[in-house]
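Trainee: This is the structure, below, for whatever I ask next.
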2 protein chains.
Amino acid sequence: MAKVKCGVIGLGGRGTGVLCDLLVKLEDFECAYVCDTYEDRVENAAKRVADTTGITPKKTTDWHEVVTAPEVEAVIITTAWEPHIEIAAAAMENGKPAAMEVGGAYSIDDCWKLVRTYERTGVPCMFLENCCYGRIEMMVLNMVRQGVFGDVVHCAGGYHHDLRTEILYGEENRHYRLRNYINRNCENYPTHELGPIAKVLGINRGNRMMYLTSTASCAKGLNEYARTHESVNRKLATTEFRQGDVVTTTIKCANGETIVLTLDTTLPRVYCRGFCVRGTKAMYQEENNSFFIEEEHSNYEFDGTPLWNNADKYYEKYEHPLWKKYLEGGIKGGHGGLDGLVYDAFIQSVKDKTLPPIDVYDAAAWMCISTLSEKSISMGSMPVEIPDFTNGKWFNRQDHCTGVYTLE
Amino acid sequence: MAKVKCGVIGLGGRGTGVLCDLLVKLEDFECAYVCDTYEDRVENAAKRVADTTGITPKKTTDWHEVVTAPEVEAVIITTAWEPHIEIAAAAMENGKPAAMEVGGAYSIDDCWKLVRTYERTGVPCMFLENCCYGRIEMMVLNMVRQGVFGDVVHCAGGYHHDLRTEILYGEENRHYRLRNYINRNCENYPTHELGPIAKVLGINRGNRMMYLTSTASCAKGLNEYARTHESVNRKLATTEFRQGDVVTTTIKCANGETIVLTLDTTLPRVYCRGFCVRGTKAMYQEENNSFFIEEEHSNYEFDGTPLWNNADKYYEKYEHPLWKKYLEGGIKGGHGGLDGLVYDAFIQSVKDKTLPPIDVYDAAAWMCISTLSEKSISMGSMPVEIPDFTNGKWFNRQDHCTGVYTLE
C-alpha cells in the first residue's frame with residue numbers, strides 16, 4: 001500500500017523533532033512538503049528529510065501552499081499554538097485530513113469553527129494528545145473499563161513542568177511561549193492531563209464537562225529568575241508577566257464528577273503530570289506511583305508510608321492491550337514512545353479512512369479550557385459554562401474508532 | 001504555681017481521649033468539671049479522671065453549668081462541631097478563657113459572634129488546631145521564615161481520610177458526622193490543612209484570604225459502602241447523602257497566593273494531609289515526602305523518579321526549635337504528639353495570661369471556609385468573599401504569642 005503523503009507545517013523544536021526523528025521512520029509516512037515562517041528552519045528540515053529518506057520535500061514559508069497542494073494528502077500542524085485551528089480548518093476545507101499538535105484555544109468561536117468545518121466538510125481532524133497514549137494512563141483506563149475503580153467520581157492532573165529557561169531564553173529559538181506568558185493569564189496548556197482524564201470519564205461519549213472555575217496565583221517565578229540570572233535578556237528582568245505561576249481549574253461534569261487541573265510551569269520542581277483517578281473502589285495517584293485498591297489494601301497498611309510505590313506490579317495483570325502489542329513490537333518516538341503511538345494513529349486513520357481516536361469534538365472540548373479559564377480568572381474566578389460542542393450527540397456517542405489505536 | 005482548673009465539655013471519642021489520656025497527665029491541668037449531653041459518658045469520664053488523679057470532678061449534662069461555675073478557670077470544648085462557637089462565646093462572656101476543638105462554621109454570623117465576643121470581653125479563646133504543630137508543618141514553616149522557599153506563591157492541603165466506617169457506624173457511638181454528611185455539602189473540615197498553610201502565608205498577619213470557589217463531586221462513596229455492607233444500618237443503604245465525595249476549594253489571598261483545599265473522606269485511600277508549599281526557590285510535597293530545593297537539586301535529577309523521599313534528612317538542619325525541645329523532653333499525647341503541644345499551649349497561655357498562638361481571628365477565618373464553601377457549591381461554584389474578621393488589623397498584626405508555643 002502507498003505511503004501517506006504529508007505536509008508538515010511548523011518546524012520549531014517540536015515539529016523538526018517529530019518529523020526528523022519519528023515520522024521519517026514510519027513505514028506509511030512520506031514527507032511531501034515542509035513549511036515554517038522561518039526559511040532557515042525549512043531548509044534545515046528539508047535537508048534532514050532528504051538525507052534520511054532520499055526524497056527532498058517541497059519547501060515553503062506560506063502554509064496556504066501546503067493545504068492547497070495537490071500532492072499533499074494530509075497535513076500535520078506543529079506550529080505555535082495560536083494558528084493551530086486556523087490551519088486545521090483550512091486543511092479540512094481543502095479536503096485534507098489534519099492533525100494538530102496540542103495547545104489551548106484563544107476563543108470559543110475558534111473551537112466552534114473547528115467543529116463546524118469538520119461537520120460541513122466531513123474531513124477528519126485529529127488532536128495529537130500524546131499523553132492519552134501514556135502507558136500508565138492507558139493501564140488506568142483499562143482498569144476503569146474493567147470496573148476495578150468502581151464508579152469514578154473525581155480526577156486530577158497537572159502540567160507540572162518547570163519551563164522557566166525554555167520561556168526566558170525562548171526568544172533565541174523564536175519560541176512562542178514567551179509572548180503567551182507575557183500577555184495571557186490562564187490554564188494555557190490543559191490537554192496533557194485533561195486528555196487522559198476525558199477518556200476515563202467518557203467526555204463526549206456519555207458525559208460532558210458543564211462548567212469550570214479557574215484561579216491564578218501571582219506571577220513571581222519568571223520575574224525572579226530573570227532578575228537573578230544575568231544571562232537572561234535584561235529587558236525580561238523588568239517585564240511584568242501576566243501568567244500566574246500556578247493556575248487551578250476545577251471542572252464539573254454532567255454525570256457529577258469533578259476534575260481539577262493545575263498549570264504549574266514557572267516554579268522549581270521536577271516534571272510530573274499529577275494524574276489521579278478516584279473511584280468508589282480504588283484510586284491511582286502518580287505522585288507516589290501507587291494504586292490503592294480496596295479489595296487488596298487495608299486503610300492502615302500504609303499509614304505513615306505514603307510511598308507505597310506499587311504501580312509497576314499491576315502491568316502484568318492490567319497492561320492495556322495496545323501497549324502490550326507496542327512493547328512487543330518495540331516502542332517508537334520520543335516521550336517514552338507516546339509520540340510513536342499518537343502519530344501512527346493519525347497516519348493509520350488517514351490510510352484506512354477511519355475516524356481518528358481523538359476527534360474535533362475532543363479537541364474543541366479540551367482546548368476551550370484555556371480561553372474559558374482566562375475568562376474565569378479575569379472575572380475573579382467566576383464559573384463559566386463549557387459549551388456542548390456535540391450539540392447533544394454526547395448522549396449516545398461511542399468510542400467510534402475501529403482502528404488499532406482506539407482509546408477504549 | 002497552681003494548676004489551671006478546667007471544665008471539659010464534650011466527652012465523645014475525642015473529648016474522652018484527650019481528657020483521660022493526655023490532659024490528666026499534664027502538670028498544670030486540673031479537671032474541675034466534666035460535661036456531656038449523655039450521662040453515661042459523663043460518669044465514665046469522671047470515674048477515669050478520679051482513678052488517675054484521685055480528684056473527682058463535678059459532673060453535669062448541661063454545659064451552661066460549666067461556663068458559669070466559679071471553680072472553673074478555663075473551658076475546653078470537645079463537643080460535636082455545631083455548638084463549638086456558642087459554648088466558646090458563653091465561656092468568654094463568663095470571663096473564662098476557652099479552647100475549641102476543630103471543625104467548620106455553619107454561618108458567617110457565628111464567626112463574627114466569636115470575634116465580637118472576644119473583642120468585647122477581652123477574654124481569649126484558642127482554636128485547638130493540632131496540625132499547626134505537626135513536625136513537618138513546623139519544619140516547613142521554619143524554612144519559609146528562613147527564606148529557603150523564596151516567595152511562597154501557592155499552597156495546597158487536604159483532609160484525605162477514609163471515614164466511611166466512622167460515619168456509617170457512627171450512630172452507635174452517637175457521632176455527629178453522620179448528620180452532617182446527610183444534610184450538608186461543603187468543605188466540612190478545612191482546618192487541619194488550612195491552619196498550617198495560614199501560618200505559612202501569614203494570614204491575619206500581613207495577609208488575608210479574599211475569596212473562594214468550591215466544587216463538590218457527586219456523592220457515591222457512602223451510599224455504595226452502605227449498600228454493599230450488611231452490617232451497616234439498612235436505612236442508610238437508601239439514604240441520599242448530600243456531602244460530595246471530593247470537595248475542591250480554591251482560595252485567593254490578598255498578596256496574590258492561591259490555596260487549594262481538598263475534602264476527601266468517603267472513598268478508599270490512606271490517610272494524608274496533602275501538605276504542599278510552592279515557592280520561587282523550593283517546594284515541599286507530602287505525597288512523596290519530598291523537598292525540591294533549587295539550589296540543591298537539578299530539574300532532571302529525579303525525572304521518572306517522583307519518589308525521591310528526602311524530607312527526613314532536612315530535620316537535622318531545619319527542625320523547628322519548638323519540636324527540637326519537644327523531642328528532647330519526650331512527646332506527649334495522641335496524633336504523634338501534636339495533641340500534647342496544642343493543649344499545652346492553651347493551658348500555658350491561661351496560666352501565663354498570654355494570648356494564645358491560634359486566636360479568634362484565626363478561628364473565624366479558618367472555620368468560615370465551611371459555610372462559604374457550602375454557599376459556593378449551592379450556587380454552582382460562584383466565588384464568594386471571605387470576610388476580613390480583623391477589620392483591617394491584619395495589615396500590622398504580628399504573631400503576638402510570646403510563650404514557648406508561638407507558631408512563628
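Residues are named by chain letter and number: chains run A, B, ... in the order of the C-alpha cells, numbers start at 1 in each chain, and ligands are numbered from 1 in the order shown.
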Write out as a list in words all residues of region 219-283 of chain A that DSSP puts in helix (DSSP H, G or I) for this structure's backbone.

Mentor: Gly221, Leu222, Asn223, Glu224, Tyr225, Ala226, Arg227, Thr228, Arg234, Lys235, Leu236 and Ala237 of chain A

Trainee: Using only N, CA and C atoms, please write the residues we just selected to a file, as a tab-separated table (two decimals), in the first residue's frame.

Mentor:
```
chain	number	residue	atom	x	y	z
A	221	GLY	N	7.59	33.61	39.56
A	221	GLY	CA	8.68	32.69	39.20
A	221	GLY	C	9.55	33.21	38.07
A	222	LEU	N	8.93	33.64	36.97
A	222	LEU	CA	9.70	34.08	35.81
A	222	LEU	C	10.47	35.35	36.13
A	223	ASN	N	9.80	36.27	36.78
A	223	ASN	CA	10.45	37.54	37.06
A	223	ASN	C	11.65	37.37	37.98
A	224	GLU	N	11.49	36.56	39.02
A	224	GLU	CA	12.61	36.35	39.93
A	224	GLU	C	13.79	35.68	39.22
A	225	TYR	N	13.47	34.71	38.37
A	225	TYR	CA	14.53	34.02	37.62
A	225	TYR	C	15.26	35.01	36.71
A	226	ALA	N	14.48	35.81	36.01
A	226	ALA	CA	15.08	36.78	35.08
A	226	ALA	C	15.95	37.80	35.82
A	227	ARG	N	15.47	38.27	36.96
A	227	ARG	CA	16.21	39.26	37.74
A	227	ARG	C	17.54	38.71	38.24
A	228	THR	N	17.55	37.42	38.58
A	228	THR	CA	18.72	36.86	39.24
A	228	THR	C	19.65	36.09	38.30
A	234	ARG	N	18.07	41.29	29.54
A	234	ARG	CA	17.83	42.21	30.66
A	234	ARG	C	16.45	42.86	30.63
A	235	LYS	N	15.87	42.98	29.46
A	235	LYS	CA	14.55	43.62	29.45
A	235	LYS	C	13.50	42.72	30.12
A	236	LEU	N	13.78	41.41	30.18
A	236	LEU	CA	12.83	40.50	30.84
A	236	LEU	C	12.90	40.59	32.37
A	237	ALA	N	13.99	41.17	32.87
A	237	ALA	CA	14.12	41.31	34.33
A	237	ALA	C	13.09	42.28	34.88
```

Trainee: For chain B, work out the contacting residues on chain A at 7 Å, counting only C-alpha atoms, and write them as a ChimeraX atom specification.

Mentor: /A:153-154,216-218,220-221,246,256-258,267-271,279-283,287-288,292,294,299-300,302-303,306-307,381-383

Trainee: Running DSSP on the backbone, which parts of region 21-270 of chain A land in strand (DSSP E or B), as JSON, numbers by chain?

Mentor: {"A": [29, 30, 31, 32, 33, 34, 35, 58, 59, 60, 74, 75, 76, 77, 98, 99, 100, 125, 126, 127, 152, 153, 154, 155, 156, 157, 158, 159, 160, 203, 207, 209, 210, 211, 212, 213, 214, 215, 216, 246, 247, 248, 249, 250, 251, 252, 253, 258, 259, 260, 261, 262, 263, 264]}

Trainee: What's the 6 Å shell around region 197-207 of chain B, counting only C-alpha atoms, without same-chain residues fewer than 6 positions away, as a ChimeraX atom specification?

Mentor: /B:141,254,394-395,397-398

Trainee: Quick one: everything within 9 Å of Asn180 (chain A), counting only C-alpha atoms, minus sequence neighbours fewer than 5 positions away in the same chain. Send it as a CSV table (one decimal) with N, CA and C atoms, in the first residue's frame.

Mentor:
```csv
chain,number,residue,atom,x,y,z
A,185,ASN,N,-3.1,35.2,31.1
A,185,ASN,CA,-3.1,34.6,32.4
A,185,ASN,C,-4.2,33.5,32.4
A,188,ASN,N,-3.0,27.6,30.2
A,188,ASN,CA,-2.6,27.7,28.8
A,188,ASN,C,-2.3,26.4,28.2
A,242,ARG,N,2.1,38.3,33.0
A,242,ARG,CA,0.7,38.2,33.4
A,242,ARG,C,0.4,36.8,33.9
A,243,GLN,N,1.1,35.8,33.3
A,243,GLN,CA,0.7,34.4,33.6
A,243,GLN,C,1.1,34.0,35.0
```

Trainee: Provide the CA of Leu372 (chain A) to CA of Glu93 (chain A) distance in Å, to one decimal place.

Mentor: 26.8 Å

Trainee: Of the candidates B:Gly95, B:Gly170, B:Pro70, B:Gly103, which one gets nearest to Gly12 (chain B) if we count only C-alpha atoms?

Mentor: B:Gly170
